[in-house]
$ cat protein11.cif   # mmCIF, C-alpha atoms, pLDDT in the B column; chains and numbers go by the auth columns
data_protein
#
loop_
_atom_site.group_PDB
_atom_site.id
_atom_site.type_symbol
_atom_site.label_atom_id
_atom_site.label_comp_id
_atom_site.label_asym_id
_atom_site.label_seq_id
_atom_site.Cartn_x
_atom_site.Cartn_y
_atom_site.Cartn_z
_atom_site.B_iso_or_equiv
_atom_site.auth_seq_id
_atom_site.auth_asym_id
ATOM 1 C CA ALA A 1 -6.497 11.710 27.967 53.00 1180 A
ATOM 2 C CA ARG A 2 -3.123 10.004 28.408 61.00 1181 A
ATOM 3 C CA MET A 3 -3.100 6.374 29.460 59.00 1182 A
ATOM 4 C CA ALA A 4 -0.370 4.223 30.980 68.00 1183 A
ATOM 5 C CA HIS A 5 -0.108 0.564 31.935 69.00 1184 A
ATOM 6 C CA ASN A 6 0.364 -0.062 35.658 75.00 1185 A
ATOM 7 C CA VAL A 7 2.618 -3.116 35.836 76.00 1186 A
ATOM 8 C CA GLU A 8 2.041 -3.756 39.558 80.00 1187 A
ATOM 9 C CA LYS A 9 -1.751 -3.687 39.203 78.00 1188 A
ATOM 10 C CA SER A 10 -1.773 -5.187 35.686 79.00 1189 A
ATOM 11 C CA ARG A 11 -4.186 -2.630 34.343 77.00 1190 A
ATOM 12 C CA THR A 12 -4.299 0.479 32.160 73.00 1191 A
ATOM 13 C CA GLU A 13 -4.953 3.739 34.007 72.00 1192 A
ATOM 14 C CA ILE A 14 -5.612 7.367 33.128 68.00 1193 A
ATOM 15 C CA ILE A 15 -2.597 9.444 34.164 67.00 1194 A
ATOM 16 C CA ASP A 16 -3.570 12.789 32.699 69.00 1195 A
ATOM 17 C CA THR A 17 -6.801 14.152 31.275 68.00 1196 A
ATOM 18 C CA ARG A 18 -8.698 17.336 30.594 74.00 1197 A
ATOM 19 C CA LEU A 19 -12.283 16.808 31.679 75.00 1198 A
ATOM 20 C CA CYS A 20 -15.209 18.620 30.063 79.00 1199 A
ATOM 21 C CA GLY A 21 -17.315 18.433 33.259 77.00 1200 A
ATOM 22 C CA LEU A 22 -20.556 17.751 31.383 80.00 1201 A
ATOM 23 C CA ARG A 23 -23.095 15.592 33.245 78.00 1202 A
ATOM 24 C CA THR A 24 -23.874 13.662 30.058 77.00 1203 A
ATOM 25 C CA CYS A 25 -20.226 12.847 29.335 77.00 1204 A
ATOM 26 C CA PRO A 26 -19.703 9.141 30.157 74.00 1205 A
ATOM 27 C CA ILE A 27 -16.161 9.690 31.477 74.00 1206 A
ATOM 28 C CA CYS A 28 -16.983 12.742 33.595 78.00 1207 A
ATOM 29 C CA ALA A 29 -20.221 11.144 34.849 77.00 1208 A
ATOM 30 C CA LYS A 30 -18.344 8.012 35.901 77.00 1209 A
ATOM 31 C CA ILE A 31 -15.655 10.015 37.702 79.00 1210 A
ATOM 32 C CA THR A 32 -18.297 12.097 39.510 80.00 1211 A
ATOM 33 C CA ALA A 33 -20.298 8.994 40.448 79.00 1212 A
ATOM 34 C CA ASN A 34 -17.205 7.258 41.848 81.00 1213 A
ATOM 35 C CA ARG A 35 -16.241 10.356 43.824 84.00 1214 A
ATOM 36 C CA ASN A 36 -19.747 10.675 45.279 82.00 1215 A
ATOM 37 C CA GLU A 37 -19.846 6.978 46.126 83.00 1216 A
ATOM 38 C CA ARG A 38 -16.548 7.150 47.999 87.00 1217 A
ATOM 39 C CA ARG A 39 -17.551 10.285 49.899 87.00 1218 A
ATOM 40 C CA ILE A 40 -21.012 9.057 50.915 86.00 1219 A
ATOM 41 C CA THR A 41 -19.760 5.546 51.729 87.00 1220 A
ATOM 42 C CA LYS A 42 -17.129 6.983 54.073 91.00 1221 A
ATOM 43 C CA THR A 43 -19.701 9.263 55.718 89.00 1222 A
ATOM 44 C CA LEU A 44 -22.165 6.400 56.252 88.00 1223 A
ATOM 45 C CA GLN A 45 -19.490 4.093 57.636 91.00 1224 A
ATOM 46 C CA GLU A 46 -18.271 6.715 60.096 93.00 1225 A
ATOM 47 C CA ALA A 47 -21.819 7.525 61.233 92.00 1226 A
ATOM 48 C CA GLN A 48 -22.649 3.841 61.759 92.00 1227 A
ATOM 49 C CA ALA A 49 -19.417 3.244 63.688 94.00 1228 A
ATOM 50 C CA LYS A 50 -20.132 6.169 66.036 93.00 1229 A
ATOM 51 C CA LYS A 51 -23.712 4.963 66.557 93.00 1230 A
ATOM 52 C CA VAL A 52 -22.585 1.411 67.390 94.00 1231 A
ATOM 53 C CA SER A 53 -19.915 2.717 69.753 92.00 1232 A
ATOM 54 C CA ARG A 54 -22.452 4.911 71.548 92.00 1233 A
ATOM 55 C CA ASP A 55 -25.640 2.819 71.516 91.00 1234 A
ATOM 56 C CA GLY A 56 -24.577 -0.673 70.475 91.00 1235 A
ATOM 57 C CA ALA A 57 -26.775 -0.600 67.359 90.00 1236 A
ATOM 58 C CA GLU A 58 -26.528 0.848 63.857 91.00 1237 A
ATOM 59 C CA TYR A 59 -28.896 3.311 62.254 93.00 1238 A
ATOM 60 C CA LYS A 60 -31.642 1.805 60.166 92.00 1239 A
ATOM 61 C CA LEU A 61 -31.481 3.217 56.614 92.00 1240 A
ATOM 62 C CA LEU A 62 -34.836 4.141 55.109 93.00 1241 A
ATOM 63 C CA GLY A 63 -35.073 4.644 51.333 92.00 1242 A
ATOM 64 C CA ILE A 64 -37.797 6.857 49.859 93.00 1243 A
ATOM 65 C CA THR A 65 -38.486 7.652 46.205 90.00 1244 A
ATOM 66 C CA TYR A 66 -40.651 10.633 45.275 90.00 1245 A
ATOM 67 C CA THR A 67 -41.803 11.356 41.750 85.00 1246 A
ATOM 68 C CA VAL A 68 -43.517 14.188 39.905 86.00 1247 A
ATOM 69 C CA PRO A 69 -45.528 14.109 36.661 86.00 1248 A
ATOM 70 C CA ASN A 70 -43.526 13.710 33.445 90.00 1249 A
ATOM 71 C CA CYS A 71 -42.533 16.941 31.735 93.00 1250 A
ATOM 72 C CA THR A 72 -41.124 18.310 28.486 96.00 1251 A
ATOM 73 C CA GLY A 73 -37.499 19.287 27.989 95.00 1252 A
ATOM 74 C CA GLU A 74 -38.499 22.950 28.148 97.00 1253 A
ATOM 75 C CA ASN A 75 -39.932 22.458 31.656 96.00 1254 A
ATOM 76 C CA LEU A 76 -37.307 20.033 32.973 95.00 1255 A
ATOM 77 C CA ARG A 77 -35.059 22.606 34.652 96.00 1256 A
ATOM 78 C CA GLU A 78 -38.003 24.184 36.466 95.00 1257 A
ATOM 79 C CA GLU A 79 -39.127 20.752 37.689 94.00 1258 A
ATOM 80 C CA LEU A 80 -35.643 19.925 38.971 95.00 1259 A
ATOM 81 C CA GLN A 81 -35.486 23.239 40.816 96.00 1260 A
ATOM 82 C CA ASN A 82 -38.939 22.607 42.312 94.00 1261 A
ATOM 83 C CA ILE A 83 -37.882 19.134 43.498 94.00 1262 A
ATOM 84 C CA SER A 84 -34.704 20.528 45.042 95.00 1263 A
ATOM 85 C CA ARG A 85 -36.605 23.241 46.926 95.00 1264 A
ATOM 86 C CA ALA A 86 -39.328 20.795 48.013 94.00 1265 A
ATOM 87 C CA VAL A 87 -36.941 18.247 49.513 95.00 1266 A
ATOM 88 C CA ARG A 88 -35.101 20.950 51.452 95.00 1267 A
ATOM 89 C CA ARG A 89 -38.382 22.261 52.871 95.00 1268 A
ATOM 90 C CA LEU A 90 -39.430 18.708 53.785 95.00 1269 A
ATOM 91 C CA LEU A 91 -36.179 17.867 55.573 96.00 1270 A
ATOM 92 C CA GLU A 92 -35.806 21.221 57.329 94.00 1271 A
ATOM 93 C CA ARG A 93 -39.399 22.075 58.277 95.00 1272 A
ATOM 94 C CA CYS A 94 -41.462 18.895 58.641 96.00 1273 A
ATOM 95 C CA GLU A 95 -41.535 18.116 62.378 95.00 1274 A
ATOM 96 C CA LYS A 96 -42.551 14.478 61.858 95.00 1275 A
ATOM 97 C CA VAL A 97 -39.567 13.860 59.592 96.00 1276 A
ATOM 98 C CA LYS A 98 -37.166 15.838 61.791 95.00 1277 A
ATOM 99 C CA ALA A 99 -38.253 13.707 64.762 94.00 1278 A
ATOM 100 C CA ILE A 100 -37.093 10.459 63.124 95.00 1279 A
ATOM 101 C CA ALA A 101 -34.336 11.505 60.690 95.00 1280 A
ATOM 102 C CA LYS A 102 -30.915 11.744 62.315 94.00 1281 A
ATOM 103 C CA GLY A 103 -29.299 12.311 58.943 94.00 1282 A
ATOM 104 C CA TYR A 104 -30.050 12.193 55.239 95.00 1283 A
ATOM 105 C CA VAL A 105 -28.567 11.882 51.785 92.00 1284 A
ATOM 106 C CA TYR A 106 -30.503 12.414 48.578 93.00 1285 A
ATOM 107 C CA GLY A 107 -29.987 12.360 44.826 90.00 1286 A
ATOM 108 C CA ILE A 108 -32.163 13.639 41.982 91.00 1287 A
ATOM 109 C CA GLU A 109 -32.426 11.432 38.887 88.00 1288 A
ATOM 110 C CA VAL A 110 -33.866 11.926 35.391 88.00 1289 A
ATOM 111 C CA THR A 111 -35.034 9.275 32.919 86.00 1290 A
ATOM 112 C CA ARG A 112 -36.848 9.703 29.604 86.00 1291 A
ATOM 113 C CA ASN A 113 -39.909 8.005 28.160 86.00 1292 A
ATOM 114 C CA GLU A 114 -38.808 6.676 24.769 82.00 1293 A
ATOM 115 C CA ARG A 115 -42.334 6.625 23.325 87.00 1294 A
ATOM 116 C CA THR A 116 -43.613 10.060 24.413 90.00 1295 A
ATOM 117 C CA GLY A 117 -40.269 11.845 24.665 90.00 1296 A
ATOM 118 C CA LEU A 118 -41.233 13.221 28.087 93.00 1297 A
ATOM 119 C CA PHE A 119 -38.719 13.405 30.917 93.00 1298 A
ATOM 120 C CA HIS A 120 -39.306 11.747 34.269 89.00 1299 A
ATOM 121 C CA PRO A 121 -37.547 13.559 37.161 90.00 1300 A
ATOM 122 C CA HIS A 122 -37.626 11.944 40.596 89.00 1301 A
ATOM 123 C CA ILE A 123 -35.666 11.946 43.838 92.00 1302 A
ATOM 124 C CA HIS A 124 -34.167 9.171 45.945 91.00 1303 A
ATOM 125 C CA ILE A 125 -33.724 9.899 49.669 94.00 1304 A
ATOM 126 C CA VAL A 126 -32.001 7.789 52.318 93.00 1305 A
ATOM 127 C CA LEU A 127 -32.743 8.670 55.946 94.00 1306 A
ATOM 128 C CA ALA A 128 -30.747 7.441 58.924 94.00 1307 A
ATOM 129 C CA VAL A 129 -33.311 6.544 61.613 94.00 1308 A
ATOM 130 C CA ASN A 130 -33.047 4.732 64.930 92.00 1309 A
ATOM 131 C CA LYS A 131 -33.052 0.947 64.831 89.00 1310 A
ATOM 132 C CA ASN A 132 -36.477 0.715 66.510 89.00 1311 A
ATOM 133 C CA TYR A 133 -38.155 2.891 63.858 91.00 1312 A
ATOM 134 C CA GLY A 134 -41.362 1.199 62.730 86.00 1313 A
ATOM 135 C CA LYS A 135 -42.333 -0.036 66.173 82.00 1314 A
ATOM 136 C CA GLY A 136 -43.389 3.200 67.849 79.00 1315 A
ATOM 137 C CA LYS A 137 -45.726 6.150 67.418 84.00 1316 A
ATOM 138 C CA GLU A 138 -43.184 8.038 65.290 88.00 1317 A
ATOM 139 C CA TYR A 139 -43.694 5.570 62.415 92.00 1318 A
ATOM 140 C CA ILE A 140 -44.772 7.231 59.149 92.00 1319 A
ATOM 141 C CA ASN A 141 -46.737 5.031 56.760 89.00 1320 A
ATOM 142 C CA LYS A 142 -46.646 5.180 52.970 87.00 1321 A
ATOM 143 C CA THR A 143 -49.750 7.360 52.655 86.00 1322 A
ATOM 144 C CA GLU A 144 -48.379 9.855 55.162 90.00 1323 A
ATOM 145 C CA TRP A 145 -45.081 10.045 53.251 91.00 1324 A
ATOM 146 C CA ALA A 146 -47.030 10.886 50.085 87.00 1325 A
ATOM 147 C CA ASN A 147 -49.064 13.558 51.889 88.00 1326 A
ATOM 148 C CA ILE A 148 -45.895 15.079 53.344 91.00 1327 A
ATOM 149 C CA TRP A 149 -44.325 15.323 49.875 90.00 1328 A
ATOM 150 C CA ASN A 150 -47.439 16.896 48.376 89.00 1329 A
ATOM 151 C CA ARG A 151 -47.526 19.451 51.170 90.00 1330 A
ATOM 152 C CA TYR A 152 -43.893 20.543 50.913 91.00 1331 A
ATOM 153 C CA SER A 153 -43.734 20.395 47.121 89.00 1332 A
ATOM 154 C CA HIS A 154 -46.670 22.828 47.011 83.00 1333 A
ATOM 155 C CA ARG A 155 -48.419 20.860 44.290 73.00 1334 A
ATOM 156 C CA GLU A 156 -52.088 21.164 43.404 64.00 1335 A
ATOM 157 C CA THR A 157 -52.073 17.577 42.152 62.00 1336 A
ATOM 158 C CA GLU A 158 -50.809 14.617 44.169 61.00 1337 A
ATOM 159 C CA ALA A 159 -47.393 13.110 43.566 59.00 1338 A
ATOM 160 C CA ALA A 160 -47.443 10.429 40.891 49.00 1339 A
ATOM 161 C CA ALA A 161 -46.139 7.753 43.262 55.00 1340 A
ATOM 162 C CA GLN A 162 -43.656 7.089 46.014 70.00 1341 A
ATOM 163 C CA TYR A 163 -41.804 4.112 47.442 77.00 1342 A
ATOM 164 C CA VAL A 164 -40.696 3.566 51.017 85.00 1343 A
ATOM 165 C CA ARG A 165 -38.451 0.655 51.981 87.00 1344 A
ATOM 166 C CA VAL A 166 -35.654 -0.300 54.325 87.00 1345 A
ATOM 167 C CA VAL A 167 -32.262 -0.134 52.623 86.00 1346 A
ATOM 168 C CA LYS A 168 -30.353 -3.308 53.518 80.00 1347 A
ATOM 169 C CA ASN A 169 -26.805 -1.984 53.732 79.00 1348 A
ATOM 170 C CA ILE A 170 -24.476 0.951 53.111 80.00 1349 A
ATOM 171 C CA HIS A 171 -23.555 -0.217 49.601 80.00 1350 A
ATOM 172 C CA GLN A 172 -27.223 -0.325 48.569 78.00 1351 A
ATOM 173 C CA ALA A 173 -27.838 3.083 50.141 81.00 1352 A
ATOM 174 C CA VAL A 174 -24.979 4.663 48.204 79.00 1353 A
ATOM 175 C CA LYS A 175 -26.126 3.154 44.891 77.00 1354 A
ATOM 176 C CA TYR A 176 -29.660 4.312 45.654 72.00 1355 A
ATOM 177 C CA VAL A 177 -28.794 8.005 45.734 77.00 1356 A
ATOM 178 C CA THR A 178 -25.736 8.328 43.461 70.00 1357 A
ATOM 179 C CA LYS A 179 -27.146 6.926 40.236 62.00 1358 A
ATOM 180 C CA MET A 180 -25.953 9.391 37.638 46.00 1359 A
ATOM 181 C CA THR A 181 -28.241 10.842 34.994 40.00 1360 A
ATOM 182 C CA HIS A 182 -26.086 9.565 32.132 41.00 1361 A
ATOM 183 C CA ASP A 183 -26.004 6.023 33.501 43.00 1362 A
ATOM 184 C CA ASN A 184 -29.807 5.816 33.577 43.00 1363 A
ATOM 185 C CA LEU A 185 -30.917 7.489 30.364 43.00 1364 A
ATOM 186 C CA GLY A 186 -32.659 4.919 28.158 38.00 1365 A
ATOM 187 C CA GLN A 187 -31.931 2.000 30.452 40.00 1366 A
ATOM 188 C CA ASP A 188 -34.123 -0.523 32.196 35.00 1367 A
ATOM 189 C CA ILE A 189 -35.320 0.818 35.538 39.00 1368 A
ATOM 190 C CA ASP A 190 -35.644 -1.192 38.737 43.00 1369 A
ATOM 191 C CA PRO A 191 -39.284 -2.440 38.697 35.00 1370 A
ATOM 192 C CA GLU A 192 -39.660 -1.297 42.309 42.00 1371 A
ATOM 193 C CA GLU A 193 -38.783 2.246 41.286 42.00 1372 A
ATOM 194 C CA VAL A 194 -40.959 2.736 38.192 38.00 1373 A
ATOM 195 C CA ASP A 195 -43.902 4.929 39.121 39.00 1374 A
ATOM 196 C CA THR A 196 -47.423 3.675 38.483 39.00 1375 A
ATOM 197 C CA ALA A 197 -48.448 6.868 36.749 37.00 1376 A
ATOM 198 C CA ALA A 198 -45.735 6.420 34.155 38.00 1377 A
ATOM 199 C CA GLU A 199 -46.889 2.856 33.574 39.00 1378 A
ATOM 200 C CA ALA A 200 -50.456 4.039 33.133 36.00 1379 A
ATOM 201 C CA ASP A 201 -49.219 6.611 30.628 37.00 1380 A
ATOM 202 C CA GLY A 202 -47.649 3.849 28.589 35.00 1381 A
ATOM 203 C CA ALA A 203 -44.062 4.579 29.548 37.00 1382 A
ATOM 204 C CA THR A 204 -41.558 2.221 27.967 34.00 1383 A
ATOM 205 C CA TRP A 205 -37.980 2.115 29.203 33.00 1384 A
ATOM 206 C CA THR A 206 -35.480 0.329 26.962 31.00 1385 A
ATOM 207 C CA GLY A 207 -32.119 -1.225 27.642 33.00 1386 A
ATOM 208 C CA LYS A 208 -30.407 0.558 24.751 38.00 1387 A
ATOM 209 C CA ARG A 209 -27.734 3.217 25.340 45.00 1388 A
ATOM 210 C CA ASP A 210 -29.146 5.537 22.696 52.00 1389 A
ATOM 211 C CA TYR A 211 -28.233 9.098 23.661 63.00 1390 A
ATOM 212 C CA ASP A 212 -29.716 11.248 20.913 82.00 1391 A
ATOM 213 C CA ALA A 213 -28.681 14.880 20.636 86.00 1392 A
ATOM 214 C CA ASP A 214 -32.069 16.147 21.786 90.00 1393 A
ATOM 215 C CA THR A 215 -31.966 14.158 25.028 89.00 1394 A
ATOM 216 C CA LEU A 216 -28.396 15.217 25.775 87.00 1395 A
ATOM 217 C CA TYR A 217 -29.193 18.860 25.100 91.00 1396 A
ATOM 218 C CA TRP A 218 -32.164 19.021 27.463 93.00 1397 A
ATOM 219 C CA ILE A 219 -30.449 17.054 30.232 90.00 1398 A
ATOM 220 C CA GLU A 220 -27.333 19.203 30.075 90.00 1399 A
ATOM 221 C CA THR A 221 -29.304 22.457 29.856 93.00 1400 A
ATOM 222 C CA ALA A 222 -31.628 21.531 32.723 94.00 1401 A
ATOM 223 C CA CYS A 223 -28.929 20.284 35.100 91.00 1402 A
ATOM 224 C CA LYS A 224 -26.331 22.989 34.521 89.00 1403 A
ATOM 225 C CA GLY A 225 -25.310 24.569 37.821 90.00 1404 A
ATOM 226 C CA LEU A 226 -27.784 22.540 39.901 91.00 1405 A
ATOM 227 C CA GLN A 227 -26.817 20.496 42.947 89.00 1406 A
ATOM 228 C CA LEU A 228 -28.421 17.094 42.440 88.00 1407 A
ATOM 229 C CA THR A 229 -27.069 15.380 45.560 88.00 1408 A
ATOM 230 C CA SER A 230 -26.815 16.551 49.182 90.00 1409 A
ATOM 231 C CA THR A 231 -26.233 15.255 52.710 90.00 1410 A
ATOM 232 C CA GLY A 232 -27.153 16.468 56.185 93.00 1411 A
ATOM 233 C CA GLY A 233 -27.306 15.613 59.869 93.00 1412 A
ATOM 234 C CA VAL A 234 -25.099 12.718 60.979 91.00 1413 A
ATOM 235 C CA LEU A 235 -24.484 11.929 57.300 89.00 1414 A
ATOM 236 C CA LYS A 236 -23.008 15.316 56.423 86.00 1415 A
#
$ encode --input "protein11.cif" --output "structure tokens"
Amino acid sequence: ARMAHNVEKSRTEIIDTRLCGLRTCPICAKITANRNERRITKTLQEAQAKKVSRDGAEYKLLGITYTVPNCTGENLREELQNISRAVRRLLERCEKVKAIAKGYVYGIEVTRNERTGLFHPHIHIVLAVNKNYGKGKEYINKTEWANIWNRYSHRETEAAAQYVRVVKNIHQAVKYVTKMTHDNLGQDIDPEEVDTAAEADGATWTGKRDYDADTLYWIETACKGLQLTSTGGVLK
């Protein structure tokens, strides 16, 4: 990469670079994350502005995290593909979800258990719902969300855990679904997002940025060619 100092902005900037495009590359991952953040932020802002102009109230943003059992590196790609297919079935076919979700954005994330070496794939979804969601008969409680995921993920065993919460603002929503794989490997995880099954299994997540070759290999192999983020509805 070639760098140059921008006198007006008093900072050094990249002016020319050849990117490798690998998900585990810190530079490429950062560029991709920033691009996704800008795109999704703009989409959310435009959707909220249209909603306020039309109805006088913004959409409420509902954050949901779904997890699956930990898996080996050999099985990671299959698990990611299963999650991707499951979330599409859920959003496109579940009538209860379609009745409340005016739009959605989701991102698939992978972390690794330092002690066992198992990978922990999970998905973060943000739904745009009407402001009065939670007060009427269309409300979906936490247990129902878990049952819906189990049904559309076609799993014989129940999902390890799931979290449902109101996302406070657009910035939080964007961060929720655009966390890049490389940025989260081996790092501390938000306590609200660590699944109980992983805790029971003795999962330990460290704050060290220790990207060993084995971890990088399996992450890169599993994610190659897969779409890990998507939008739809009023958020497309």
$ closest_residue --input "protein11.cif" --among "A:Val1413, A:Lys1277, A:Ala1401, A:Glu1192" --to "Ile1319 (chain A)" --atoms "all atoms listed in the file"
A:Lys1277
$ atom_distance --input "protein11.cif" --atom1 "CA of Ala1228 (chain A)" --atom2 "CA of Ile1349 (chain A)"
11.9 Å
$ residues_around --input "protein11.cif" --residues "Gly1286 (chain A)" --least-positions-apart "5" --cutoff "7 Å" --atoms "all atoms listed in the file" --output "count of residues only"
8
$ resolve_selection --input "protein11.cif" --expression "the PyMOL selection byres ((chain A and resi 1415) around 9)" --output "MDAnalysis selection string"
chainID A and resid 1219 1222:1223 1282:1284 1409:1414
$ closest_residue --input "protein11.cif" --among "A:Ala1265, A:Leu1201, A:Ile1279, A:Val1308" --to "Asn1329 (chain A)" --atoms "only C-alpha atoms"
A:Ala1265
$ atom_distance --input "protein11.cif" --atom1 "CA of Tyr1285 (chain A)" --atom2 "CA of Cys1204 (chain A)"
21.8 Å
$ atom_distance --input "protein11.cif" --atom1 "CA of His1299 (chain A)" --atom2 "CA of Lys1275 (chain A)"
27.9 Å
$ residues_around --input "protein11.cif" --residues "Asn1254 (chain A)" --least-positions-apart "3" --cutoff "12 Å" --atoms "only C-alpha atoms" --output "PDB file with C-alpha atoms, keeping the file's coordinate frame"
ATOM      1  CA  PRO A1248     -45.528  14.109  36.661  1.00 86.00           C
ATOM      2  CA  ASN A1249     -43.526  13.710  33.445  1.00 90.00           C
ATOM      3  CA  CYS A1250     -42.533  16.941  31.735  1.00 93.00           C
ATOM      4  CA  THR A1251     -41.124  18.310  28.486  1.00 96.00           C
ATOM      5  CA  GLU A1257     -38.003  24.184  36.466  1.00 95.00           C
ATOM      6  CA  GLU A1258     -39.127  20.752  37.689  1.00 94.00           C
ATOM      7  CA  LEU A1259     -35.643  19.925  38.971  1.00 95.00           C
ATOM      8  CA  GLN A1260     -35.486  23.239  40.816  1.00 96.00           C
ATOM      9  CA  ASN A1261     -38.939  22.607  42.312  1.00 94.00           C
ATOM     10  CA  LEU A1297     -41.233  13.221  28.087  1.00 93.00           C
ATOM     11  CA  PHE A1298     -38.719  13.405  30.917  1.00 93.00           C
ATOM     12  CA  HIS A1299     -39.306  11.747  34.269  1.00 89.00           C
ATOM     13  CA  PRO A1300     -37.547  13.559  37.161  1.00 90.00           C
ATOM     14  CA  TRP A1397     -32.164  19.021  27.463  1.00 93.00           C
ATOM     15  CA  ILE A1398     -30.449  17.054  30.232  1.00 90.00           C
ATOM     16  CA  THR A1400     -29.304  22.457  29.856  1.00 93.00           C
ATOM     17  CA  ALA A1401     -31.628  21.531  32.723  1.00 94.00           C
ATOM     18  CA  CYS A1402     -28.929  20.284  35.100  1.00 91.00           C
TER      19      CYS A1402
END
$ resolve_selection --input "protein11.cif" --expression "the PyMOL selection byres ((chain A and resi 1268) around 12)" --output "VMD selection string"
chain A and resid 1261 to 1267 1269 to 1274 1276 to 1277 1327 to 1333
